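Trainee: First, the structure itself, so that you have it in front of you.
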Amino acid sequence: MRTAYDVIIRPIITEQSMEDLDIKKYTFAVAKDANKIEIKKAVEEIFGVTVIKVTTMNVGGKAKRTGAYPMGKTASWKKAVVKLSADSKNIELFEGMA
């Protein structure tokens with residue numbers, strides 16, 4: 001059985017994700033096989049908030065140079081953008097970042 005910490009891997013801290021904090025949108029890297037229902041339950045369990053919408057996308061790996069011939073590739077991963085309800089509290093993990 002997977003725990004909530006197996007579903008949510010890490011937060012995504014970028015300029016674009018920090019701009020969405022004021023409208024209560026938070027971005028996370030999640031497990032590749034996690035669905036929207038599992039992501040919603042995991043965020044609600046870990047942070048004690050109310051989630052109203054989850055948007056997911058698969059991010060493909062990029063080609064990387066590894067020397068002369070063999071072209072390497074970075075790992076592909078899954079990203080989730082979670083929208084919280086208006087009366088929900090903010091996630092403290094992102095508070096000092098913005």
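Chain labels A, B, ... are given in the sequence in which chains occur in the structure tokens; within each chain residues are numbered consecutively from 1, and ligands are likewise numbered from 1 in the order shown.
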Tell me which protein, DNA and RNA residues are within 10 Å of A:Lys89, counting only C-alpha atoms, leaving out same-chain ones fewer than 5 positions away, and put them as a ChimeraX atom specification.

Mentor: /A:24,47-50,84

Trainee: Which of chain A counts as strand (DSSP E or B) under DSSP, as a ChimeraX atom specification please?

Mentor: /A:8-11,25-30,51-59,63-65,71-73,77-84

Trainee: Compile the contact shell of A:Glu95 as a list in words: residues with an atom at most 12 Å away, counting only C-alpha atoms, same-chain residues fewer than 2 positions apart removed.

Mentor: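 Those residues are Ile13, Met18, Leu21, Asp22, Lys24, Tyr26, Lys89, Asn90, Ile91, Glu92, Leu93, Met97 and Ala98 of chain A.
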
Trainee: Give me, as a compact mmCIF listing (two decimals) with N, CA and C atoms, in the first residue's frame, the residues of chain A that a backbone DSSP run labels alpha helix (DSSP H).

Mentor:
# COMPACT_ATOMS: atom_id res chain seq x y z
N ALA A 4 0.96 8.59 1.40
CA ALA A 4 0.86 9.90 0.76
C ALA A 4 2.24 10.43 0.38
N TYR A 5 3.25 10.05 1.14
CA TYR A 5 4.60 10.52 0.87
C TYR A 5 5.22 9.79 -0.33
N ASP A 6 4.65 8.65 -0.73
CA ASP A 6 5.09 7.98 -1.95
C ASP A 6 4.49 8.64 -3.19
N VAL A 7 3.35 9.29 -3.05
CA VAL A 7 2.67 9.94 -4.17
C VAL A 7 3.29 11.30 -4.44
N GLU A 15 9.69 30.39 -10.88
CA GLU A 15 9.05 31.71 -10.91
C GLU A 15 7.57 31.59 -11.26
N GLN A 16 7.26 30.75 -12.21
CA GLN A 16 5.87 30.61 -12.64
C GLN A 16 5.01 29.99 -11.53
N SER A 17 5.54 29.00 -10.82
CA SER A 17 4.75 28.39 -9.76
C SER A 17 4.60 29.34 -8.56
N MET A 18 5.56 30.21 -8.33
CA MET A 18 5.47 31.17 -7.23
C MET A 18 4.43 32.26 -7.52
N GLU A 19 4.22 32.59 -8.79
CA GLU A 19 3.22 33.59 -9.14
C GLU A 19 1.80 33.08 -8.88
N LYS A 36 -5.30 11.50 -10.34
CA LYS A 36 -5.73 12.75 -9.71
C LYS A 36 -6.36 12.52 -8.34
N ILE A 37 -7.07 11.42 -8.17
CA ILE A 37 -7.71 11.13 -6.89
C ILE A 37 -6.66 10.86 -5.82
N GLU A 38 -5.64 10.08 -6.17
CA GLU A 38 -4.57 9.79 -5.22
C GLU A 38 -3.80 11.05 -4.85
N ILE A 39 -3.55 11.92 -5.83
CA ILE A 39 -2.83 13.16 -5.57
C ILE A 39 -3.64 14.06 -4.64
N LYS A 40 -4.94 14.16 -4.88
CA LYS A 40 -5.80 14.98 -4.03
C LYS A 40 -5.80 14.48 -2.60
N LYS A 41 -5.96 13.18 -2.41
CA LYS A 41 -5.97 12.61 -1.06
C LYS A 41 -4.63 12.80 -0.37
N ALA A 42 -3.53 12.66 -1.11
CA ALA A 42 -2.20 12.80 -0.52
C ALA A 42 -1.94 14.24 -0.05
N VAL A 43 -2.31 15.22 -0.87
CA VAL A 43 -2.09 16.63 -0.48
C VAL A 43 -2.97 16.99 0.72
N GLU A 44 -4.21 16.52 0.72
CA GLU A 44 -5.09 16.80 1.85
C GLU A 44 -4.58 16.14 3.13
N GLU A 45 -4.02 14.95 3.02
CA GLU A 45 -3.51 14.25 4.20
C GLU A 45 -2.24 14.88 4.74
N ILE A 46 -1.31 15.22 3.87
CA ILE A 46 -0.02 15.75 4.30
C ILE A 46 -0.15 17.16 4.86
N PHE A 47 -0.87 18.04 4.16
CA PHE A 47 -0.89 19.46 4.52
C PHE A 47 -2.16 19.89 5.25

Trainee: Atom CA of A:Gly60 to atom CA of A:Ile8: how many Å, to one decimal?

Mentor: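 These two atoms are separated by 18.3 Å.
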
Trainee: Pick out the residues sitting within 6 Å of A:Lys79, and hand them over as a list in words; count only C-alpha atoms, and ignore anything fewer than 5 positions along from it in its own chain.

Mentor: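 In the requested form, the answer reads Phe28, Ala29, Val30, Thr56 and Met57 of chain A.
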
Trainee: With C-alpha atoms retained, could you export that selection as a compact mmCIF listing (two decimals), in the first residue's frame?

Mentor:
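Below is the file out-v9.txt, written as the result:
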# COMPACT_ATOMS: atom_id res chain seq x y z
CA PHE A 28 4.37 19.27 -7.05
CA ALA A 29 6.37 16.51 -8.70
CA VAL A 30 4.37 13.33 -8.19
CA THR A 56 -1.59 16.76 -14.11
CA MET A 57 0.89 16.64 -16.97

Trainee: For A:Lys62, list every protein, DNA or RNA residue within 12 Å, evaluated using only C-alpha atoms, and leave out those in the same chain fewer than 3 positions away; present the list as a list in words.

Mentor: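 In the requested form, the answer reads Val59, Arg65, Met71, Gly72, Lys73, Thr74, Ala75, Ser76 and Trp77 of chain A.
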